Amino acid sequence: MFGAGKLTGRFWFRRTWTGKLVLLVEEEKPRWFSRKHLSKLRWRDARLLDLAEAPMRTLMTLERTYRAEYGSGPALQAAVPSVGRGAIATPIGRAASA
């Protein structure tokens with residue numbers, strides 16, 4: 001339906017005029033009227049079915065590991081500011097009573 005082409009596994013992102021991110025994939029397409037079965041590489045916008053192919057599995061595992069590191073507990077604890085000298089620390093989520 002879309003033509004015979006194999007993905008190489010290389011990908012890139014581009015930004016549109018409206019600010020949307022678009023995933024680009026590299027595809028190996030056979031040349032038209034080639035007797036030696038030569039192919040050429042070209043970049044195209046990714047379709048949803050491209051993410052299910054084997055060469056794009058690295059992109060999917062990269063997404064899973066990045067999200068796991070992003071929401072981990074120890075990284076959130078490092079973002080809490082330290083209490084200065086002489087200040088009274090109040091627990092997060094409770095109002096300080098005077």
# chains A, B, ... in the order shown; residues from 1 in each chain; ligands from 1
>>> residues_around(residues="Arg31 in chain A", least_positions_apart="5", cutoff="7 Å", atoms="only C-alpha atoms", output="PyMOL selection string")
chain A and resi 38-40
>>> residues_around(residues="range 10-14 of chain A", least_positions_apart="2", cutoff="7 Å", atoms="only C-alpha atoms", output="JSON, numbers by chain")
{"A": [8, 16, 21, 22, 23, 24, 25, 26]}
>>> atom_distance(atom1="CA of Gly5 in chain A", atom2="CA of Glu27 in chain A")
6.1 Å
>>> closest_residue(among="A:Arg57, A:Leu48, A:Leu7, A:Arg15", to="Lys29 in chain A", atoms="only C-alpha atoms")
A:Leu7
>>> atom_distance(atom1="CA of Glu53 in chain A", atom2="CA of Pro30 in chain A")
18.5 Å
>>> residues_around(residues="Met56 in chain A", least_positions_apart="5", cutoff="8 Å", atoms="only C-alpha atoms", output="VMD selection string")
chain A and resid 9 50 to 51
>>> atom_distance(atom1="CA of Glu28 in chain A", atom2="CA of Leu62 in chain A")
22.9 Å
